[in-house]
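Text of the file final_29.pdb, holding PDB, C-alpha atoms:
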ATOM      1  CA  MET I 262      13.063 137.662  42.190
ATOM      2  CA  LYS I 263      11.867 134.334  40.830
ATOM      3  CA  THR I 264      12.875 131.076  42.474
ATOM      4  CA  ASN I 265      14.953 129.884  39.526
ATOM      5  CA  GLU I 266      16.801 133.215  39.461
ATOM      6  CA  LEU I 267      17.561 132.891  43.172
ATOM      7  CA  ILE I 268      18.904 129.359  42.690
ATOM      8  CA  GLU I 269      21.056 130.497  39.793
ATOM      9  CA  GLY I 270      22.408 133.386  41.867
ATOM     10  CA  LEU I 271      23.334 131.051  44.710
ATOM     11  CA  ALA I 272      25.025 128.701  42.274
ATOM     12  CA  GLN I 273      27.051 131.558  40.861
ATOM     13  CA  ASP I 274      28.180 132.430  44.391
ATOM     14  CA  LEU I 275      29.321 128.859  45.076
ATOM     15  CA  ARG I 276      31.182 128.216  41.836
ATOM     16  CA  PRO I 277      33.977 130.743  42.430
ATOM     17  CA  GLN I 278      34.717 129.240  45.864
ATOM     18  CA  ARG I 279      35.028 125.742  44.444
ATOM     19  CA  ALA I 280      37.053 127.059  41.529
ATOM     20  CA  PHE I 281      39.360 129.041  43.798
ATOM     21  CA  SER I 282      40.184 126.020  45.964
ATOM     22  CA  ARG I 283      41.210 124.141  42.824
ATOM     23  CA  VAL I 284      43.272 127.102  41.648
ATOM     24  CA  LEU I 285      45.130 127.322  44.958
ATOM     25  CA  LEU I 286      45.735 123.570  45.073
ATOM     26  CA  PHE I 287      47.045 123.647  41.509
ATOM     27  CA  ALA I 288      49.315 126.562  42.442
ATOM     28  CA  ALA I 289      50.764 124.672  45.411
ATOM     29  CA  VAL I 290      51.345 121.547  43.327
ATOM     30  CA  SER I 291      52.886 123.601  40.518
ATOM     31  CA  GLY I 292      55.180 125.325  42.986
ATOM     32  CA  ALA I 293      56.226 121.949  44.371
ATOM     33  CA  ALA I 294      56.949 120.773  40.828
ATOM     34  CA  VAL I 295      59.160 123.820  40.212
ATOM     35  CA  THR I 296      61.060 123.191  43.435
ATOM     36  CA  GLY I 297      61.300 119.468  42.737
ATOM     37  CA  THR I 298      62.764 120.095  39.302
ATOM     38  CA  THR I 299      65.322 122.509  40.743
ATOM     39  CA  PHE I 300      66.149 120.092  43.538
ATOM     40  CA  PHE I 301      66.833 117.125  41.281
ATOM     41  CA  LEU I 302      68.735 119.197  38.720
ATOM     42  CA  PHE I 303      71.103 120.891  41.154
ATOM     43  CA  LEU I 304      71.093 119.014  44.450
ATOM     44  CA  GLY I 305      69.451 115.603  44.708
ATOM     45  CA  PHE I 306      69.110 113.175  47.585
ATOM     46  CA  ARG I 307      71.797 112.828  50.231
ATOM     47  CA  PRO I 308      74.299 110.062  49.384
ATOM     48  CA  ASP I 309      73.149 107.771  52.206
ATOM     49  CA  ILE I 310      69.435 108.080  51.460
ATOM     50  CA  ALA I 311      68.905 104.296  51.531
ATOM     51  CA  GLN I 312      70.142 104.110  55.106
ATOM     52  CA  ALA I 313      68.551 107.428  56.113
ATOM     53  CA  VAL I 314      64.990 106.281  55.347
ATOM     54  CA  GLU I 315      65.394 103.630  58.037
ATOM     55  CA  SER I 316      65.933 106.342  60.661
ATOM     56  CA  VAL I 317      62.983 107.734  62.626
ATOM     57  CA  ARG I 318      64.783 111.050  63.048
ATOM     58  CA  PHE I 319      65.171 111.436  59.273
ATOM     59  CA  LEU I 320      61.522 110.570  58.596
ATOM     60  CA  PHE I 321      60.366 112.883  61.370
ATOM     61  CA  LYS I 322      61.691 115.866  59.409
ATOM     62  CA  PHE I 323      59.087 115.125  56.737
ATOM     63  CA  VAL I 324      56.332 114.832  59.316
ATOM     64  CA  ILE I 325      57.170 118.407  60.288
ATOM     65  CA  THR I 326      57.656 119.885  56.822
ATOM     66  CA  LEU I 327      54.676 118.170  55.178
ATOM     67  CA  THR I 328      52.367 119.013  58.076
ATOM     68  CA  LEU I 329      53.477 122.628  57.751
ATOM     69  CA  ALA I 330      52.937 122.659  53.981
ATOM     70  CA  VAL I 331      49.466 121.080  54.108
ATOM     71  CA  ALA I 332      48.186 122.958  57.171
ATOM     72  CA  ALA I 333      49.466 126.327  55.940
ATOM     73  CA  THR I 334      47.982 125.784  52.469
ATOM     74  CA  GLY I 335      44.607 124.937  54.004
ATOM     75  CA  THR I 336      44.781 127.976  56.267
ATOM     76  CA  THR I 337      45.740 130.194  53.333
ATOM     77  CA  LEU I 338      42.733 128.959  51.365
ATOM     78  CA  HIS I 339      40.317 129.977  54.118
ATOM     79  CA  LEU I 340      42.044 133.299  54.791
ATOM     80  CA  ALA I 341      41.637 134.166  51.122
ATOM     81  CA  ARG I 342      37.852 133.721  51.292
ATOM     82  CA  PRO I 343      36.066 136.290  53.494
ATOM     83  CA  GLY I 344      33.859 134.707  56.124
ATOM     84  CA  ASP I 345      35.541 131.310  56.077
ATOM     85  CA  VAL I 346      36.399 129.690  59.409
ATOM     86  CA  VAL I 347      40.103 128.882  59.799
ATOM     87  CA  ALA I 348      39.992 127.351  63.283
ATOM     88  CA  ASP I 349      40.482 123.710  62.269
ATOM     89  CA  TRP I 350      43.378 124.475  59.961
ATOM     90  CA  GLY I 351      44.810 126.831  62.560
ATOM     91  CA  TRP I 352      44.933 123.974  65.050
ATOM     92  CA  ALA I 353      46.673 121.799  62.459
ATOM     93  CA  LEU I 354      49.208 124.576  61.947
ATOM     94  CA  ALA I 355      49.762 124.857  65.698
ATOM     95  CA  ALA I 356      50.588 121.146  65.783
ATOM     96  CA  VAL I 357      53.900 121.804  64.002
ATOM     97  CA  PRO I 358      55.700 123.634  66.850
ATOM     98  CA  LEU I 359      54.131 121.258  69.376
ATOM     99  CA  LEU I 360      55.525 118.251  67.529
ATOM    100  CA  LEU I 361      58.923 119.928  67.359
ATOM    101  CA  LEU I 362      58.911 120.698  71.074
ATOM    102  CA  CYS I 363      58.033 117.091  71.907
ATOM    103  CA  ALA I 364      60.810 115.801  69.643
ATOM    104  CA  VAL I 365      63.333 118.195  71.179
ATOM    105  CA  GLY I 366      62.328 117.061  74.663
ATOM    106  CA  LEU I 367      62.863 113.431  73.725
ATOM    107  CA  GLU I 368      66.195 114.299  72.115
ATOM    108  CA  LEU I 369      67.423 116.111  75.207
ATOM    109  CA  THR I 370      66.571 113.139  77.418
ATOM    110  CA  ALA I 371      68.222 110.662  75.029
ATOM    111  CA  LEU I 372      71.501 112.533  74.483
ATOM    112  CA  PRO I 373      74.166 113.481  77.031
ATOM    113  CA  ALA I 374      74.187 117.199  77.791
ATOM    114  CA  ARG I 375      77.706 117.647  76.407
ATOM    115  CA  SER I 376      76.497 116.707  72.909
ATOM    116  CA  TRP I 377      73.481 119.034  72.775
ATOM    117  CA  LEU I 378      75.339 121.962  71.233
ATOM    118  CA  HIS I 379      76.970 119.742  68.604
ATOM    119  CA  HIS I 380      73.602 118.409  67.439
ATOM    120  CA  LEU I 381      72.024 121.860  67.514
ATOM    121  CA  VAL I 382      74.735 123.487  65.385
ATOM    122  CA  GLY I 383      75.034 120.531  63.012
ATOM    123  CA  HIS I 384      76.964 120.717  59.765
ATOM    124  CA  ASN I 385      74.658 122.510  57.349
ATOM    125  CA  ALA I 386      73.253 125.564  59.094
ATOM    126  CA  ARG I 387      74.313 127.934  56.305
ATOM    127  CA  LEU I 388      72.898 125.665  53.616
ATOM    128  CA  CYS I 389      69.654 125.380  55.537
ATOM    129  CA  LEU I 390      69.319 129.154  55.865
ATOM    130  CA  THR I 391      70.066 129.559  52.150
ATOM    131  CA  LEU I 392      68.352 126.660  50.420
ATOM    132  CA  ILE I 393      65.005 126.613  52.206
ATOM    133  CA  PRO I 394      64.259 130.234  51.186
ATOM    134  CA  LEU I 395      65.521 129.550  47.660
ATOM    135  CA  PHE I 396      63.419 126.409  47.328
ATOM    136  CA  SER I 397      60.421 128.389  48.583
ATOM    137  CA  ILE I 398      60.534 130.993  45.816
ATOM    138  CA  GLY I 399      58.707 128.939  43.193
ATOM    139  CA  PRO I 400      55.865 127.834  45.480
ATOM    140  CA  LEU I 401      55.498 131.334  46.911
ATOM    141  CA  ILE I 402      55.167 132.926  43.465
ATOM    142  CA  CYS I 403      52.627 130.303  42.378
ATOM    143  CA  ILE I 404      50.557 130.632  45.566
ATOM    144  CA  PHE I 405      50.586 134.433  45.391
ATOM    145  CA  ALA I 406      49.436 134.263  41.773
ATOM    146  CA  ALA I 407      46.496 132.134  42.896
ATOM    147  CA  LEU I 408      45.734 134.418  45.859
ATOM    148  CA  ARG I 409      45.308 137.332  43.469
ATOM    149  CA  ARG I 410      42.053 135.614  42.496
ATOM    150  CA  GLY I 411      40.903 135.505  46.102
ATOM    151  CA  ALA I 412      39.706 138.237  48.443
ATOM    152  CA  PRO I 413      41.716 138.052  51.677
ATOM    153  CA  THR I 414      40.411 140.230  54.484
ATOM    154  CA  TYR I 415      43.883 140.383  56.036
ATOM    155  CA  PRO I 416      46.361 140.572  53.140
ATOM    156  CA  ARG I 417      49.530 140.620  55.223
ATOM    157  CA  LEU I 418      48.446 137.713  57.415
ATOM    158  CA  THR I 419      47.388 135.754  54.346
ATOM    159  CA  GLY I 420      50.744 136.482  52.738
ATOM    160  CA  ALA I 421      52.610 135.359  55.857
ATOM    161  CA  VAL I 422      50.704 132.065  56.020
ATOM    162  CA  ALA I 423      51.302 131.574  52.297
ATOM    163  CA  GLY I 424      54.986 132.007  53.152
ATOM    164  CA  LEU I 425      54.644 129.180  55.678
ATOM    165  CA  ALA I 426      53.082 126.969  53.014
ATOM    166  CA  ALA I 427      55.852 127.756  50.526
ATOM    167  CA  SER I 428      58.494 127.164  53.216
ATOM    168  CA  GLY I 429      56.955 123.810  54.070
ATOM    169  CA  ILE I 430      57.296 122.764  50.435
ATOM    170  CA  GLY I 431      60.840 124.099  50.171
ATOM    171  CA  ALA I 432      61.898 122.524  53.457
ATOM    172  CA  THR I 433      60.496 119.146  52.415
ATOM    173  CA  PHE I 434      62.858 118.981  49.472
ATOM    174  CA  TYR I 435      65.778 120.392  51.409
ATOM    175  CA  ALA I 436      65.263 117.777  54.146
ATOM    176  CA  ALA I 437      65.862 115.020  51.602
ATOM    177  CA  ASN I 438      69.409 116.284  51.121
ATOM    178  CA  CYS I 439      70.221 117.534  54.612
ATOM    179  CA  ASN I 440      72.184 115.053  56.727
ATOM    180  CA  ASP I 441      71.426 116.862  59.995
ATOM    181  CA  ASP I 442      68.537 114.843  61.363
ATOM    182  CA  SER I 443      68.573 115.900  65.011
ATOM    183  CA  PRO I 444      65.340 117.552  66.182
ATOM    184  CA  LEU I 445      67.589 120.112  67.886
ATOM    185  CA  PHE I 446      68.923 121.154  64.475
ATOM    186  CA  VAL I 447      65.501 121.073  62.824
ATOM    187  CA  ALA I 448      63.863 123.086  65.606
ATOM    188  CA  THR I 449      66.573 125.760  65.401
ATOM    189  CA  TRP I 450      67.512 126.284  61.782
ATOM    190  CA  TYR I 451      64.396 125.280  59.854
ATOM    191  CA  PRO I 452      62.237 127.903  61.657
ATOM    192  CA  LEU I 453      64.924 130.553  61.135
ATOM    193  CA  ALA I 454      65.004 129.801  57.408
ATOM    194  CA  THR I 455      61.218 129.763  57.302
ATOM    195  CA  SER I 456      60.990 133.131  59.070
ATOM    196  CA  VAL I 457      62.919 134.748  56.205
ATOM    197  CA  VAL I 458      60.239 133.625  53.742
ATOM    198  CA  VAL I 459      57.381 134.534  56.082
ATOM    199  CA  ILE I 460      58.657 138.080  56.633
ATOM    200  CA  ILE I 461      59.052 138.663  52.897
ATOM    201  CA  ALA I 462      55.610 137.182  52.224
ATOM    202  CA  PHE I 463      54.061 139.294  54.993
ATOM    203  CA  PHE I 464      55.123 142.555  53.376
ATOM    204  CA  ALA I 465      54.450 141.247  49.867
ATOM    205  CA  GLY I 466      50.931 140.349  50.965
ATOM    206  CA  GLY I 467      50.339 143.921  52.064
ATOM    207  CA  LYS I 468      51.350 145.158  48.623
ATOM    208  CA  LEU I 469      49.992 142.460  46.283
ATOM    209  CA  LEU I 470      46.913 140.990  47.960
ATOM    210  CA  ARG I 471      44.876 144.106  48.691
ATOM    211  CA  TRP I 472      41.535 144.409  46.917
TER     212      TRP I 472
END
Written as structure tokens, how would this file's structure read?
Amino acid sequence: MKTNELIEGLAQDLRPQRAFSRVLLFAAVSGAAVTGTTFFLFLGFRPDIAQAVESVRFLFKFVITLTLAVAATGTTLHLARPGDVVADWGWALAAVPLLLLCAVGLELTALPARSWLHHLVGHNARLCLTLIPLFSIGPLICIFAALRRGAPTYPRLTGAVAGLAASGIGATFYAANCNDDSPLFVATWYPLATSVVVIIAFFAGGKLLRW
């Protein structure tokens, strides 16, 4: 093989990887746009949003949901490309439960024990369990459509992590309406709602992402 043919072959191998990362990013952004449109058409911000943004507990919800969305999308990208290393993104993903555990610990020390159950149950558990999965549908469909252009070695795992990414997007919008800001509530009901999406995505990945 001539040198110029070798260079051209290497270039052809690199282009699809760069193109796929753009495709997946576009899919995630498109899914967020679908969810955002649905959110503003049918739900919207909580009535006291101006006061809420001054609260650390309210803003912390977005630290959790956005970290989940970004870290899971990055992990999904690498899982969809055989041979890619996912360690760095995996650590970023692991930061989400660690942040939640730290916040819960601080909450438990700041609140009297008799009020723990009240803050954990909150007022919107049913809405949380319903709306986060619903808001995740658009992003999940878009991300799965992009993943069909990839070559995941572990389709079910890739699907499950894609479910985490979609849930992070859905939960971000839901958090803007939810008036339960306690880390106890977030650490209980947000993961339960997310697990619904992850389980569905896990089995969907086994069916749709094989190659």
Residues near I:Val458, anyone? I mean within 10 Å using all atoms listed in the file, not counting same-chain ones fewer than 3 positions away, as JSON, numbers by chain. {"I": [393, 394, 395, 397, 398, 401, 420, 421, 422, 423, 424, 425, 426, 427, 428, 452, 453, 454, 455, 461, 462, 463]}
Which residue of I:Ala412, I:Leu362, I:Ala294, I:Val347 approaches I:Gly335 most closely, using only C-alpha atoms: I:Val347
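Atom CA of I:Leu340 to atom CA of I:Phe464 spans 16.1 Å [interatomic distance, one decimal].
Between atom CA of I:Ala436 and atom CA of I:Phe319 lies a distance of 8.2 Å.
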Residue IDs satisfying the PyMOL selection byres ((chain I and resi 342) around 10), as a PyMOL selection string: chain I and resi 278+281-282+337-341+343-346+408+410-414
To test your reading of the syntax: which residues would the PyMOL selection byres ((chain I and resi 358) around 12) return for the file shown? Reply as a PyMOL selection string. chain I and resi 324-326+328-329+352-357+359-365+444+447-449+451-452
Could you write out the selected residues, including C-alpha atoms, as a tab-separated table (two decimals), in the frame of the given file?
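Contents of the output file result.tsv:
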chain	number	residue	atom	x	y	z
I	324	VAL	CA	56.33	114.83	59.32
I	325	ILE	CA	57.17	118.41	60.29
I	326	THR	CA	57.66	119.88	56.82
I	328	THR	CA	52.37	119.01	58.08
I	329	LEU	CA	53.48	122.63	57.75
I	352	TRP	CA	44.93	123.97	65.05
I	353	ALA	CA	46.67	121.80	62.46
I	354	LEU	CA	49.21	124.58	61.95
I	355	ALA	CA	49.76	124.86	65.70
I	356	ALA	CA	50.59	121.15	65.78
I	357	VAL	CA	53.90	121.80	64.00
I	359	LEU	CA	54.13	121.26	69.38
I	360	LEU	CA	55.52	118.25	67.53
I	361	LEU	CA	58.92	119.93	67.36
I	362	LEU	CA	58.91	120.70	71.07
I	363	CYS	CA	58.03	117.09	71.91
I	364	ALA	CA	60.81	115.80	69.64
I	365	VAL	CA	63.33	118.20	71.18
I	444	PRO	CA	65.34	117.55	66.18
I	447	VAL	CA	65.50	121.07	62.82
I	448	ALA	CA	63.86	123.09	65.61
I	449	THR	CA	66.57	125.76	65.40
I	451	TYR	CA	64.40	125.28	59.85
I	452	PRO	CA	62.24	127.90	61.66
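Relative to atom CA of I:Leu388, atom CA of I:Lys322 is found at 16.0 Å.
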Pick from I:Leu285, I:Val317, I:Ala407, I:Gly431: nearest to I:Thr334, with only C-alpha atoms counted? I:Leu285
Taking 6 positions as the minimum chain separation for residues in the same chain, which residues sit within 12 Å of I:Gly383 when counting all atoms listed in the file? Answer as a PyMOL selection string. chain I and resi 376-377+389+439-450
Applied to the shown file, which residues does the PyMOL selection byres ((chain I and resi 293) around 12) return, written as JSON, numbers by chain? {"I": [286, 287, 288, 289, 290, 291, 292, 294, 295, 296, 297, 298, 299, 300, 327, 330, 331, 396, 397, 398, 399, 400, 401, 402, 403, 404, 426, 427, 428, 429, 430, 431, 432, 433, 434, 435]}
Nearest to I:Leu320, chosen from I:Ala437, I:Leu381, I:Leu470, I:Ala374, with only C-alpha atoms counted in the distances: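 Of all the options, I:Ala437 lies closest to I:Leu320.
For the residues I:Asn438, I:Asp349, I:Thr419, I:Val382, ranking by smallest atom-to-atom distance to I:Ile460 using all atoms listed in the file places I:Thr419 first.
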